[in-house]
Amino acid sequence: MSVPDYMQCAEDHQTLLVVVQPVGIVSEENFFKIYKRISSVSQISVRDSQRVLYIRYRHHYPPENNEWGDFQTHRKVVGLITITDCFSAKDWPQTFEKFHVQKEIYGSTLYDSRLFVFGLQGEIAEQPRTDVAFYPNYEDCQTVEKRIEDFIESLFIVLESKRLDRATDKSGDKIPLLCVPFEKKDFVGLDTDSRHYKKRCQGRMRKHVGDLCLQAGMLQDSLVHYHMSVELLRSVNDFLWLGAALEGLCSASVIYHYPGGTGGETGARRFQGSSLPAEAANRHRPGAQEVLIDPGALTTNGINPDTSAEIGRAKNCLSPEDIIDKYKEAISYYSKYKNAGVIELEACVKAVRVLAIQKRSMEASEFLQNAVYINLRQLSEEEKIQRYSILSELYELIGFHRKSAFFKRVAAMQCVAPSIAEPGWRACYKLLLETLPGYSLSLDPKDFSKEKKDVTQSLENYTCKCPGTMELLTLPGGPTLPPVPFTKLPIVRRVKLLNLPASLRPQKMKSLLGQNVSTKSPFIYSPIIAHNRGEERNKKIDFQWVQGDVCEVQLMVYNPMPFELRVENMGLLTSGVEFESLPAALSLPAESGLYPVTLVGVPQTTGTITVNGYHTTVFGVFSDCLLDNLPGVKTSGSTVEVIPALPRLQISTSLPRSAHSLQPSSGDETSTNVSVQLYNGETQQLVIKLENIGMEPLEKLEVTSKILTTKEKLYGDFLSWNLEETLAQFPLQPGKVATFVVNIKVKLDFSCQENLLQDLSDDGISVSGFPLCSPFRQVVRPRVESKPVNPPEGSKPGDPSHVKTLEAILNFKYSGGPGHVEGYYRNLSLGLHVEAEPSVFFTRVSTLPATSTRQCHLLLDVFNSTEHELTVSARGNEELILHAGECQRMAIQVDKFNFESFPESPGEKGQFANPQQLEEERQEARGLEIDSKLDVHWRIPSLKRRGEASVEGLLNQLVLEHLQLAPLQWGFSHPGGPWLLMRKCRSCHLRIGLLAASKRYTCGNSSRRGIFGRIFRKGIQEAGQLPGPQKPQGVSPATRHSALDSGCGATTCGLTGPTPRRHPREPQWEASGGQATAACPGLGFPGWGEGGFPRCENLRHWMAMPRKCGGPLPRVVTGGHSVSGPWLPHG
């Protein structure tokens, strides 16, 4: 065998070789169209069996290779398919004869053959034949695949019969000796009866049967036969066939371990045989050994079921490591025979493909190196090109790219060898192009790295002796050479003028914004200047730079060189304003891509400055690069206005910097952020040092504050300051420092939230009195029953869940110097982050009357929500000590308040005032007045921290009424006797009675519902014990009725006796003695204040209905004297 098949792989050992050839004249297009359809049927499942048959098709196969079919059965042509054109019946006999001639070439090994005839129709085409198929044309041949399947089944029948015939143990019959072509002459005259000869015959036959079993889809049987063959052949030193047995064993093991194949896309086959075990994990078993299986374990149908378990335990399949070892051993045996060079070369190729899958590149290169030195017969030029090309592909497969390029270059040179009559220059050029990646070469000019490096080094050597400048170069002959700037070292893609930082940006005062409006043309639009305006808009920047401040221009550059590029003395080129450019030096990485570079400078004068370009020094060459000469450079404008100098303010504070970054809604940027933690009601001083770090004096300063959006309601001023003390230090000269103090006062709602109130109740803390609620939150939500038994610590009062966050911004607006004269100023913002922790809570509030009607007791239940001992005190009261988490009641005696000075109607606040809003403002004003009088403070001695506790927002309407001074109190007494008192109460009833020393009384006006109330017996008794002058005696019923008739028109007085009639809204009268008074049934007997006058607590009703409560004036006569007063009917 002299023609190697470089495309072979290990799994080809299980295939049947079928040759497809044309007979007669068949166009290449038609032939390969049918060949493609035939080769698509590469495997079929055997009927009534789980075995799979694999087919390998070739359209050209050397007949001499067929002679090695007994040595390795996959080299034997077992099927022949011929394709021919026949268009007439008279050409049919000649065509059929050619078919028989083609069969004779492979006749010794053929199992079956087929002839596909295209174009013949008629009686001949209609005759049923098994070996011939007729089709009218190459398009109308739908049954080609079905015919091929039937053909393969016929091949399987012959293969199975041969396998059964060879595998049957024929005791007493001689086993023929299988030989390769060059061995036949060597066995002439040998003793065929010797034991050595018989073992040789048995070993070779076992190897042959193993090949047949592998082709028949019986992998496990083939492994057993290969192992038996190896043992027999090793014992007789039959090295050539021993190498073939080892190679067969390796192929079967490769098929077992790698069902996907080792030959890439062409050799990949999906293994479907049932003889493989299902345990994929057992496929890579190390240490597999050659095991000799008793021939009795084999039957004509395969392995005996009784011994299958034993065979499975024998581990007949080689491990992946052992496969390579056996390949090496087989190749060493092949190398002993000169005529087995092709077999050796193909075995090396198969081993390399297996090693490529195992990713063992170094071992694979050893096999390829051995393949290079295998001597074959004199190869043709085409065979040499094919051999070197395959070696190149295999080296590429294992990752040896440079070695692959070497053999591809050898193949390219072979294409134009002198011995070739017509050199293949196109093929040579194509192969040479494919070698460039392996040698790391490129035809792209951008990749000439080495050349660029050499040139730049030479340039630097020259510029060291003679620096390159931007001056004109005049040659001796007269011509003048212009300078050539390095505009592409580096390459600039974008130029952008940067605005000043937010704290340094100048702003125009609003009153001066309209003074610089251009008045060059009286028309809104003029087509004459429209174009110029467009150009100016494209180049002019809408922000300003400041004289004396550092200004920045950003360039986006990249280094196109394959090495690091050092740029020295890079600065800006400007015009229009005196500008001090601050040069920079930079180092750009090799092929860096876009890289930002910032160039800076300081404008020394005012006006309009234009950035024309930049200058660089690269490789010793100085270059001026103008933007107008740089194609592809993007810029948003190159002209900007420079305004007069302004001072620069720098602030430092007494508080630490904050990690929280404030995000103002207006988009302002804060230069500094500070943070502080305060208790609710605490005040902290923030000391700010203002330093003028500029060159101009700071003459003007305005400070404003802005509280960012917060859900918490603040009481009082959160931030307060006195700017006069700071302004007294102005003007602030450069380098000087002024001090500015800001008071931070956290005053949030001190009322206890509902969830906290519930927690206090659950913790067993006694709370009583009226529940706290703001005037705008009157309804208490129902208690949630799903509260956990042991709430987490984070839910307790004073924990971070109750910490409130307040954020504000202090804005410093300052100016000075020439910029101030031109109406410019700067803004500097300081962010303030305050975390307010709860100090004390007021859980309940209530009132009790005092000994005087002008005073009362305000009861506050105070809860300490901190983790420290805390004291609470009010004006004129002793300190109340509260431990952590403790709640106690605090009683404060206060004078009642007169709220009549607050606005009573929307008209007093403006015609369009909202009544509801006005009422809320009145409530807040009352709360503020009450809080100022109470002056409740808390103190934490251990921390030396103190603050105030505000009751603003805590007092509901009922408490406010109790704290209000009665709006109307008047009365008199006649000389030496009784006195009269009238009073308005919240139930809006008036009660008049006469108090006497006796305890008798008379109830009058019982016949109809009137406008008076009733008087309690207890009240009369207590009134009779009041100190005073001698009470006059006797008031006649007529006098009594005259007094009543003047007010309500009552005409009768029905009942007298010891117990009054209980008419809730009717008047009751007691006429016994000479004293009269007014009392309220809703309050019982009224309390007596200073001067003996009671007061009314229904402030709201009194103020809301001043006219409705007026009426006719009653007359009450006591002892001959009369008195008048306003009539107060019920509401």
# chains A, B, ... in the order shown; residues from 1 in each chain; ligands from 1
$ residues_around --residues "Cys752 of chain A" --least-positions-apart "4" --cutoff "6 Å" --atoms "only C-alpha atoms" --output "tab-separated table (two decimals) with N, CA, C and O atoms, in the first residue's frame"
chain	number	residue	atom	x	y	z
A	841	PHE	N	-40.89	62.65	75.17
A	841	PHE	CA	-42.20	62.64	74.53
A	841	PHE	C	-43.25	63.02	75.57
A	841	PHE	O	-43.13	62.66	76.75
A	842	PHE	N	-44.28	63.76	75.14
A	842	PHE	CA	-45.45	64.01	75.97
A	842	PHE	C	-46.52	63.03	75.54
A	842	PHE	O	-47.05	63.12	74.44
A	843	THR	N	-46.78	62.06	76.41
A	843	THR	CA	-47.72	61.00	76.03
A	843	THR	C	-49.16	61.36	76.34
A	843	THR	O	-50.07	60.88	75.66
$ select_by_dssp --residues "segment 559-600 of chain A" --states "strand (DSSP E or B)" --output "list of chain:residue names"
A:Leu565, A:Arg566, A:Val567, A:Glu568, A:Asn569, A:Met570, A:Gly571, A:Leu572, A:Leu573, A:Thr574, A:Ser575, A:Phe579, A:Glu580, A:Ser581, A:Leu582, A:Ala584, A:Ala585, A:Leu586, A:Ser587, A:Leu588, A:Tyr595, A:Pro596, A:Val597, A:Thr598, A:Leu599, A:Val600
$ residues_around --residues "Val23 of chain A" --least-positions-apart "4" --cutoff "7 Å" --atoms "only C-alpha atoms" --output "MDAnalysis selection string"
chainID A and resid 82:84 98:99
$ atom_distance --atom1 "atom CA of Phe622 of chain A" --atom2 "atom CA of Met470 of chain A"
6.6 Å
$ closest_atom_pairs --of "segment 835-932 of chain A" --to "segment 671-694 of chain A" --cutoff "9 Å" --atoms "only C-alpha atoms" --output "JSON lines"
{"residue": "A:Glu835", "atom": "CA", "partner": "A:Gln677", "partner_atom": "CA", "distance": 4.8}
{"residue": "A:Ala836", "atom": "CA", "partner": "A:Leu678", "partner_atom": "CA", "distance": 5.0}
{"residue": "A:Glu837", "atom": "CA", "partner": "A:Tyr679", "partner_atom": "CA", "distance": 4.7}
{"residue": "A:Pro838", "atom": "CA", "partner": "A:Asn680", "partner_atom": "CA", "distance": 5.2}
{"residue": "A:Ser839", "atom": "CA", "partner": "A:Asn680", "partner_atom": "CA", "distance": 5.4}
{"residue": "A:Val840", "atom": "CA", "partner": "A:Asn680", "partner_atom": "CA", "distance": 7.7}
{"residue": "A:Thr866", "atom": "CA", "partner": "A:Tyr679", "partner_atom": "CA", "distance": 9.0}
$ atom_distance --atom1 "atom CA of Gly571 of chain A" --atom2 "atom CA of Tyr462 of chain A"
23.9 Å
$ residues_around --residues "segment 623-629 of chain A" --least-positions-apart "5" --cutoff "9 Å" --atoms "only C-alpha atoms" --output "list in words"
Gly468, Thr469, Met470, Pro483, Val484, Pro485, Phe486, Thr487, Val495, Leu573, Val611, Asn612, Gly613, Tyr614, His615, Thr616, Thr617 and Val618 of chain A
$ write_last_selection --atoms "N, CA and C atoms" --output "PDB file, in the first residue's frame"
ATOM      1  N   GLY A 468      14.091  70.173  16.875  1.00  0.00           N
ATOM      2  CA  GLY A 468      13.135  70.563  15.844  1.00  0.00           C
ATOM      3  C   GLY A 468      12.248  71.689  16.335  1.00  0.00           C
ATOM      4  N   THR A 469      12.097  72.749  15.516  1.00  0.00           N
ATOM      5  CA  THR A 469      11.292  73.908  15.880  1.00  0.00           C
ATOM      6  C   THR A 469      10.237  74.156  14.811  1.00  0.00           C
ATOM      7  N   MET A 470       9.415  75.177  15.056  1.00  0.00           N
ATOM      8  CA  MET A 470       8.382  75.560  14.097  1.00  0.00           C
ATOM      9  C   MET A 470       8.846  76.708  13.196  1.00  0.00           C
ATOM     10  N   PRO A 483       7.395  74.430   8.385  1.00  0.00           N
ATOM     11  CA  PRO A 483       7.493  73.436   9.476  1.00  0.00           C
ATOM     12  C   PRO A 483       6.362  72.421   9.380  1.00  0.00           C
ATOM     13  N   VAL A 484       6.644  71.221   9.790  1.00  0.00           N
ATOM     14  CA  VAL A 484       5.658  70.133   9.761  1.00  0.00           C
ATOM     15  C   VAL A 484       5.366  69.713  11.198  1.00  0.00           C
ATOM     16  N   PRO A 485       4.218  70.118  11.756  1.00  0.00           N
ATOM     17  CA  PRO A 485       3.908  69.729  13.142  1.00  0.00           C
ATOM     18  C   PRO A 485       3.452  68.279  13.221  1.00  0.00           C
ATOM     19  N   PHE A 486       3.730  67.670  14.349  1.00  0.00           N
ATOM     20  CA  PHE A 486       3.283  66.297  14.601  1.00  0.00           C
ATOM     21  C   PHE A 486       1.835  66.348  15.105  1.00  0.00           C
ATOM     22  N   THR A 487       0.891  66.445  14.192  1.00  0.00           N
ATOM     23  CA  THR A 487      -0.522  66.529  14.585  1.00  0.00           C
ATOM     24  C   THR A 487      -1.120  65.166  14.921  1.00  0.00           C
ATOM     25  N   VAL A 495     -11.881  68.561  21.458  1.00  0.00           N
ATOM     26  CA  VAL A 495     -11.416  69.653  22.302  1.00  0.00           C
ATOM     27  C   VAL A 495     -12.638  70.274  22.966  1.00  0.00           C
ATOM     28  N   LEU A 573      -2.629  77.043  22.953  1.00  0.00           N
ATOM     29  CA  LEU A 573      -2.367  78.202  22.099  1.00  0.00           C
ATOM     30  C   LEU A 573      -3.630  79.051  22.089  1.00  0.00           C
ATOM     31  N   VAL A 611      -9.353  79.712  22.045  1.00  0.00           N
ATOM     32  CA  VAL A 611      -8.389  78.608  22.087  1.00  0.00           C
ATOM     33  C   VAL A 611      -8.150  78.157  20.654  1.00  0.00           C
ATOM     34  N   ASN A 612      -6.948  78.452  20.134  1.00  0.00           N
ATOM     35  CA  ASN A 612      -6.633  78.154  18.729  1.00  0.00           C
ATOM     36  C   ASN A 612      -6.064  76.760  18.532  1.00  0.00           C
ATOM     37  N   GLY A 613      -5.467  76.176  19.550  1.00  0.00           N
ATOM     38  CA  GLY A 613      -4.853  74.859  19.396  1.00  0.00           C
ATOM     39  C   GLY A 613      -4.001  74.532  20.594  1.00  0.00           C
ATOM     40  N   TYR A 614      -2.958  73.738  20.353  1.00  0.00           N
ATOM     41  CA  TYR A 614      -2.079  73.307  21.429  1.00  0.00           C
ATOM     42  C   TYR A 614      -0.683  73.112  20.853  1.00  0.00           C
ATOM     43  N   HIS A 615       0.291  73.069  21.725  1.00  0.00           N
ATOM     44  CA  HIS A 615       1.667  72.807  21.309  1.00  0.00           C
ATOM     45  C   HIS A 615       2.210  71.624  22.091  1.00  0.00           C
ATOM     46  N   THR A 616       3.109  70.860  21.449  1.00  0.00           N
ATOM     47  CA  THR A 616       3.679  69.655  22.043  1.00  0.00           C
ATOM     48  C   THR A 616       5.163  69.571  21.710  1.00  0.00           C
ATOM     49  N   THR A 617       5.831  68.728  22.469  1.00  0.00           N
ATOM     50  CA  THR A 617       7.209  68.343  22.156  1.00  0.00           C
ATOM     51  C   THR A 617       7.273  66.825  22.211  1.00  0.00           C
ATOM     52  N   VAL A 618       7.432  66.206  21.024  1.00  0.00           N
ATOM     53  CA  VAL A 618       7.455  64.753  20.891  1.00  0.00           C
ATOM     54  C   VAL A 618       8.714  64.360  20.131  1.00  0.00           C
TER      55      VAL A 618
END
